[in-house]
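Structure file model.cif (mmCIF, C-alpha atoms and all ligand atoms) follows.
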data_protein
#
loop_
_atom_site.label_atom_id
_atom_site.label_comp_id
_atom_site.auth_asym_id
_atom_site.auth_seq_id
_atom_site.Cartn_x
_atom_site.Cartn_y
_atom_site.Cartn_z
CA MET A 1 -71.52 139.30 -91.96
CA ASN A 2 -68.89 137.53 -89.89
CA LYS A 3 -65.38 137.22 -91.24
CA GLY A 4 -64.76 133.66 -92.45
CA LEU A 5 -62.90 131.19 -90.29
CA LEU A 6 -59.27 130.33 -90.86
CA ILE A 7 -58.91 126.55 -90.69
CA VAL A 8 -55.47 124.95 -90.71
CA VAL A 9 -55.33 121.26 -91.54
CA SER A 10 -52.20 119.12 -91.34
CA ALA A 11 -51.61 115.42 -91.76
CA PRO A 12 -48.72 113.31 -92.94
CA SER A 13 -49.04 112.53 -96.65
CA GLY A 14 -51.04 109.37 -97.20
CA CYS A 15 -53.43 110.03 -94.29
CA GLY A 16 -56.33 110.58 -96.62
CA LYS A 17 -56.73 114.23 -95.73
CA GLY A 18 -57.31 115.01 -99.42
CA THR A 19 -60.34 112.70 -99.44
CA VAL A 20 -61.68 114.15 -96.20
CA LEU A 21 -61.30 117.69 -97.53
CA LYS A 22 -62.92 116.79 -100.85
CA GLU A 23 -66.07 115.85 -98.93
CA ILE A 24 -65.91 118.97 -96.77
CA LEU A 25 -65.41 121.22 -99.80
CA LYS A 26 -68.74 120.14 -101.27
CA ASP A 27 -70.10 122.90 -99.04
CA GLU A 28 -69.56 126.06 -101.08
CA ASN A 29 -69.00 128.30 -98.10
CA TYR A 30 -65.49 126.87 -97.83
CA TYR A 31 -62.61 128.19 -99.86
CA TYR A 32 -59.65 125.86 -100.35
CA SER A 33 -56.48 127.90 -100.32
CA VAL A 34 -54.45 126.86 -103.36
CA SER A 35 -50.86 126.80 -102.16
CA ALA A 36 -47.81 127.91 -104.05
CA THR A 37 -45.04 125.36 -104.50
CA THR A 38 -41.76 124.92 -106.31
CA ARG A 39 -42.22 121.16 -106.69
CA GLU A 40 -43.00 119.57 -110.06
CA PRO A 41 -46.68 118.84 -110.81
CA ARG A 42 -47.69 115.18 -110.31
CA GLU A 43 -49.71 113.41 -112.96
CA GLY A 44 -53.23 114.79 -113.00
CA GLU A 45 -52.36 117.99 -111.15
CA THR A 46 -53.38 121.30 -112.72
CA ASP A 47 -51.74 124.67 -112.14
CA GLY A 48 -54.06 126.98 -110.20
CA VAL A 49 -56.30 124.11 -109.07
CA HIS A 50 -54.11 121.77 -106.99
CA TYR A 51 -51.22 124.17 -106.56
CA ARG A 52 -49.81 127.34 -108.04
CA PHE A 53 -46.61 125.94 -109.53
CA TYR A 54 -44.00 128.68 -109.23
CA SER A 55 -40.29 128.89 -110.02
CA ARG A 56 -37.93 129.27 -107.05
CA GLU A 57 -37.27 132.86 -108.13
CA LYS A 58 -40.96 133.80 -108.20
CA PHE A 59 -41.55 132.06 -104.87
CA GLU A 60 -38.65 133.84 -103.19
CA LYS A 61 -39.86 137.21 -104.54
CA LEU A 62 -43.32 136.67 -102.98
CA VAL A 63 -41.65 135.84 -99.66
CA SER A 64 -39.47 138.96 -99.74
CA ASP A 65 -42.48 141.09 -100.74
CA ASN A 66 -44.27 139.75 -97.61
CA ILE A 67 -47.15 138.35 -99.61
CA MET A 68 -46.82 134.86 -98.11
CA LEU A 69 -48.80 134.32 -94.89
CA GLU A 70 -46.47 131.39 -94.23
CA HIS A 71 -44.07 129.18 -96.09
CA ALA A 72 -41.87 126.19 -95.39
CA GLU A 73 -39.38 123.92 -97.06
CA TYR A 74 -40.61 120.34 -97.25
CA CYS A 75 -38.77 117.45 -98.95
CA HIS A 76 -36.47 119.90 -100.80
CA ASN A 77 -39.24 122.15 -102.15
CA TYR A 78 -40.90 125.35 -101.01
CA TYR A 79 -44.58 125.42 -100.15
CA GLY A 80 -46.48 128.52 -99.09
CA THR A 81 -49.81 130.28 -98.62
CA ARG A 82 -50.62 133.60 -100.27
CA GLY A 83 -51.89 135.82 -97.45
CA ASP A 84 -53.50 138.34 -99.82
CA ILE A 85 -55.90 135.72 -101.19
CA VAL A 86 -56.68 134.27 -97.73
CA GLU A 87 -57.67 137.73 -96.43
CA GLU A 88 -59.77 138.52 -99.48
CA MET A 89 -61.77 135.32 -99.12
CA ARG A 90 -62.22 135.60 -95.35
CA ASN A 91 -63.47 139.15 -95.80
CA LYS A 92 -66.07 137.78 -98.20
CA GLY A 93 -67.25 135.51 -95.37
CA LYS A 94 -65.69 132.32 -96.75
CA ASP A 95 -64.22 129.78 -94.34
CA VAL A 96 -60.70 129.32 -95.66
CA ILE A 97 -58.99 125.93 -95.40
CA LEU A 98 -55.21 125.75 -95.45
CA GLU A 99 -53.86 122.27 -96.08
CA ILE A 100 -50.30 122.73 -94.91
CA GLU A 101 -47.43 120.91 -93.20
CA VAL A 102 -46.53 121.35 -89.54
CA GLN A 103 -43.92 124.14 -89.73
CA GLY A 104 -46.24 126.33 -91.75
CA ALA A 105 -49.10 125.48 -89.40
CA MET A 106 -47.04 126.52 -86.34
CA ASN A 107 -46.30 129.85 -88.05
CA VAL A 108 -49.97 130.46 -88.88
CA MET A 109 -50.97 129.63 -85.27
CA LYS A 110 -48.46 132.20 -84.02
CA LYS A 111 -49.54 134.90 -86.50
CA CYS A 112 -53.27 134.18 -86.32
CA PRO A 113 -54.23 132.86 -82.86
CA GLU A 114 -57.86 132.66 -83.97
CA ALA A 115 -56.97 129.92 -86.48
CA ILE A 116 -58.72 126.59 -85.94
CA SER A 117 -56.01 123.96 -86.24
CA ILE A 118 -56.85 120.35 -86.99
CA PHE A 119 -54.40 117.45 -87.24
CA ILE A 120 -55.55 114.34 -89.08
CA LEU A 121 -53.94 111.12 -87.85
CA PRO A 122 -53.77 107.77 -89.64
CA PRO A 123 -55.12 104.82 -87.58
CA SER A 124 -51.51 103.56 -87.39
CA VAL A 125 -48.11 104.15 -89.00
CA ARG A 126 -48.31 100.67 -90.52
CA GLU A 127 -51.57 101.59 -92.23
CA LEU A 128 -50.01 104.82 -93.43
CA GLU A 129 -47.18 102.89 -95.08
CA ARG A 130 -49.70 100.64 -96.81
CA ARG A 131 -51.61 103.66 -98.13
CA LEU A 132 -48.44 105.36 -99.38
CA ARG A 133 -47.45 102.25 -101.34
CA LYS A 134 -50.93 101.82 -102.74
CA ARG A 135 -50.89 105.35 -104.12
CA GLY A 136 -48.04 104.24 -106.37
CA THR A 137 -47.04 107.74 -107.50
CA GLU A 138 -43.75 107.81 -105.60
CA GLU A 139 -40.41 106.00 -105.82
CA GLU A 140 -39.48 103.57 -103.00
CA GLU A 141 -36.90 106.03 -101.70
CA VAL A 142 -39.48 108.82 -101.57
CA ILE A 143 -41.89 106.55 -99.66
CA ALA A 144 -39.24 105.81 -97.02
CA GLU A 145 -38.47 109.53 -96.71
CA ARG A 146 -42.16 110.48 -96.41
CA LEU A 147 -42.74 107.78 -93.80
CA GLU A 148 -39.90 109.04 -91.66
CA LYS A 149 -41.27 112.57 -92.09
CA ALA A 150 -44.75 111.34 -91.09
CA ILE A 151 -43.49 110.00 -87.77
CA GLU A 152 -41.74 113.31 -87.08
CA GLU A 153 -44.91 115.25 -87.99
CA ILE A 154 -47.17 113.15 -85.77
CA GLY A 155 -45.06 114.46 -82.88
CA TYR A 156 -46.59 117.90 -83.52
CA ALA A 157 -50.21 116.71 -83.30
CA PRO A 158 -50.70 117.73 -79.62
CA ARG A 159 -50.01 121.39 -80.52
CA TYR A 160 -53.14 121.54 -82.67
CA LYS A 161 -56.55 122.49 -81.24
CA TYR A 162 -58.21 119.34 -82.59
CA ILE A 163 -57.10 115.83 -83.58
CA ILE A 164 -59.15 113.65 -85.91
CA VAL A 165 -58.28 110.00 -86.62
CA ASN A 166 -59.05 109.02 -90.18
CA ASP A 167 -60.01 105.39 -89.62
CA ALA A 168 -63.11 105.60 -91.80
CA LEU A 169 -63.81 108.49 -94.14
CA GLU A 170 -67.36 109.03 -92.94
CA ASN A 171 -66.31 109.32 -89.30
CA ALA A 172 -63.47 111.70 -90.10
CA VAL A 173 -65.79 113.93 -92.17
CA ASP A 174 -68.40 113.95 -89.37
CA ASP A 175 -65.74 114.88 -86.83
CA PHE A 176 -64.51 117.70 -89.05
CA LYS A 177 -68.03 119.09 -89.44
CA ALA A 178 -68.59 118.83 -85.67
CA VAL A 179 -65.47 120.89 -85.00
CA ILE A 180 -66.56 123.66 -87.37
CA LYS A 181 -70.10 123.63 -86.04
CA ALA A 182 -68.87 123.98 -82.46
CA GLU A 183 -66.56 126.84 -83.48
CA LYS A 184 -69.47 128.66 -85.10
CA LEU A 185 -71.57 128.28 -81.96
CA LYS A 186 -68.99 130.15 -79.91
CA ALA A 187 -70.33 133.31 -78.30
CA GLU A 188 -67.78 135.43 -80.16
CA TYR A 189 -69.53 134.61 -83.45
CA ALA A 190 -72.99 135.32 -82.11
CA GLY A 191 -72.87 139.14 -82.27
CA GLU A 192 -75.36 139.47 -85.12
CA ILE A 193 -77.71 136.85 -83.69
CA LEU A 194 -77.73 138.62 -80.32
CA ASP A 195 -78.55 141.95 -81.98
CA GLU A 196 -81.38 140.30 -83.87
CA VAL A 197 -82.81 138.67 -80.71
CA ILE A 198 -82.70 141.90 -78.74
CA LYS A 199 -84.15 143.97 -81.61
CA ASN A 200 -87.21 141.75 -81.85
CA ALA A 201 -87.81 141.65 -78.11
P1 LIG B 301 -47.41 117.28 -101.47
O1 LIG B 301 -46.12 117.49 -102.19
O2 LIG B 301 -47.62 115.85 -101.05
O3 LIG B 301 -48.59 117.83 -102.25
O4 LIG B 301 -47.37 118.14 -100.14
C1 LIG B 301 -46.35 117.97 -99.22
C2 LIG B 301 -46.67 118.70 -97.93
O5 LIG B 301 -46.69 120.11 -98.14
C3 LIG B 301 -48.04 118.33 -97.37
O6 LIG B 301 -47.89 118.07 -95.98
C4 LIG B 301 -48.85 119.57 -97.60
O7 LIG B 301 -49.87 119.72 -96.64
C5 LIG B 301 -47.80 120.64 -97.47
N1 LIG B 301 -48.22 121.90 -98.06
C6 LIG B 301 -49.00 122.10 -99.13
N2 LIG B 301 -49.20 123.40 -99.32
C7 LIG B 301 -48.53 124.05 -98.33
C8 LIG B 301 -48.39 125.43 -97.98
O8 LIG B 301 -48.92 126.34 -98.60
N3 LIG B 301 -47.61 125.70 -96.90
C9 LIG B 301 -47.02 124.74 -96.16
N4 LIG B 301 -46.30 125.14 -95.12
N5 LIG B 301 -47.16 123.44 -96.46
C10 LIG B 301 -47.90 123.09 -97.54
#
Would you mind writing the structure in this file as structure tokens?
Amino acid sequence: MNKGLLIVVSAPSGCGKGTVLKEILKDENYYYSVSATTREPREGETDGVHYRFYSREKFEKLVSDNIMLEHAEYCHNYYGTRGDIVEEMRNKGKDVILEIEVQGAMNVMKKCPEAISIFILPPSVRELERRLRKRGTEEEEVIAERLEKAIEEIGYAPRYKYIIVNDALENAVDDFKAVIKAEKLKAEYAGEILDEVIKNA
């Protein structure tokens, strides 16, 4: 069995990456890495499902114990990925998806060069602003801050291996699946298939 892929996905908030990933995650071979964060849960968010909501003390302890694969501070809160869980799932053959911001993504790319990095772009910044307002879960001030952050983050898009524009959900999901399919067709993943072909010759 091949080790599962490590897939890093970033997008400014409001890009609809959650919706894209929800579609992708219908395939049970994926494992969505539930991040740790020190931010407060939003309405409808459940501990252990959307995030692991930790205190600053607990978060900092996991960082100093080297359990975090990566972590970053984003809008005054810590966010991070537990490396122990990622490894466990990849060793079980699951393709692990990390939905993380750009600093964390850069760190994962450095630590794990095999990671498949995907940046999801909005069709335009104007559309992004409209989507952020429509979501209605944030204060006006937070929207302005997130928009400014989004523009800064989009600057990192060229450092990812793949860029997907989320103009229509269906297209973005198809593009995502195409990326993963192409990755799995790489010769480096074909070891077992080659053995099989030769054995039956
Ligand atoms: P939100 O507060 O909107 O859920 O997330 C804010 C940002 O933090 C998003 O860009 C999200 O992708 C990112 N994020 C979520 N989990 C992690 C993580 O484990 N590590 C890093 N570096 N960023 C994360």
Surrounding residues as a PDB file with C-alpha atoms, in the frame of the given file, ligand LIG 301 (chain B), max 8 Å, only C-alpha atoms and all ligand atoms:
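Done, and the output landed in part.pdb:
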ATOM      1  CA  VAL A   9     -55.330 121.260 -91.540  1.00  0.00           C
ATOM      2  CA  SER A  10     -52.200 119.120 -91.340  1.00  0.00           C
ATOM      3  CA  ALA A  11     -51.610 115.420 -91.760  1.00  0.00           C
ATOM      4  CA  PRO A  12     -48.720 113.310 -92.940  1.00  0.00           C
ATOM      5  CA  SER A  13     -49.040 112.530 -96.650  1.00  0.00           C
ATOM      6  CA  SER A  33     -56.480 127.900-100.320  1.00  0.00           C
ATOM      7  CA  VAL A  34     -54.450 126.860-103.360  1.00  0.00           C
ATOM      8  CA  SER A  35     -50.860 126.800-102.160  1.00  0.00           C
ATOM      9  CA  ALA A  36     -47.810 127.910-104.050  1.00  0.00           C
ATOM     10  CA  THR A  37     -45.040 125.360-104.500  1.00  0.00           C
ATOM     11  CA  ARG A  39     -42.220 121.160-106.690  1.00  0.00           C
ATOM     12  CA  TYR A  51     -51.220 124.170-106.560  1.00  0.00           C
ATOM     13  CA  GLU A  70     -46.470 131.390 -94.230  1.00  0.00           C
ATOM     14  CA  HIS A  71     -44.070 129.180 -96.090  1.00  0.00           C
ATOM     15  CA  ALA A  72     -41.870 126.190 -95.390  1.00  0.00           C
ATOM     16  CA  GLU A  73     -39.380 123.920 -97.060  1.00  0.00           C
ATOM     17  CA  TYR A  74     -40.610 120.340 -97.250  1.00  0.00           C
ATOM     18  CA  CYS A  75     -38.770 117.450 -98.950  1.00  0.00           C
ATOM     19  CA  TYR A  78     -40.900 125.350-101.010  1.00  0.00           C
ATOM     20  CA  TYR A  79     -44.580 125.420-100.150  1.00  0.00           C
ATOM     21  CA  GLY A  80     -46.480 128.520 -99.090  1.00  0.00           C
ATOM     22  CA  THR A  81     -49.810 130.280 -98.620  1.00  0.00           C
ATOM     23  CA  ARG A  82     -50.620 133.600-100.270  1.00  0.00           C
ATOM     24  CA  LEU A  98     -55.210 125.750 -95.450  1.00  0.00           C
ATOM     25  CA  GLU A  99     -53.860 122.270 -96.080  1.00  0.00           C
ATOM     26  CA  ILE A 100     -50.300 122.730 -94.910  1.00  0.00           C
ATOM     27  CA  GLU A 101     -47.430 120.910 -93.200  1.00  0.00           C
ATOM     28  CA  VAL A 102     -46.530 121.350 -89.540  1.00  0.00           C
ATOM     29  CA  GLN A 103     -43.920 124.140 -89.730  1.00  0.00           C
ATOM     30  CA  GLY A 104     -46.240 126.330 -91.750  1.00  0.00           C
ATOM     31  CA  ALA A 105     -49.100 125.480 -89.400  1.00  0.00           C
TER      32      ALA A 105
END
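Compared by their closest atoms to Gly16 in chain A, and using all atoms listed in the file, the residues A:Ala182, A:Leu194, A:Ile143, A:Leu132 rank with A:Leu132 nearest.
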| field | For Glu114 in chain A, the nearest of the candidates A:Asp195, A:Glu183, A:Asp27, A:Glu43, counting all atoms listed in the file | value | A:Glu183
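Pairwise distance (CA of Pro122 in chain A, CA of Asp167 in chain A) equals 6.7 Å.
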| Could you work out how far CA of Lys134 in chain A lies from CA of Ala150 in chain A, giving the answer in Å with one decimal? |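 For CA of Ala150 in chain A relative to CA of Lys134 in chain A, the distance reads 16.3 Å.
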| request: Could you check how far CA of His50 in chain A sits from CA of Arg135 in chain A, in Å to one decimal? | output: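 Going from CA of His50 in chain A over to CA of Arg135 in chain A, I get 17.0 Å.
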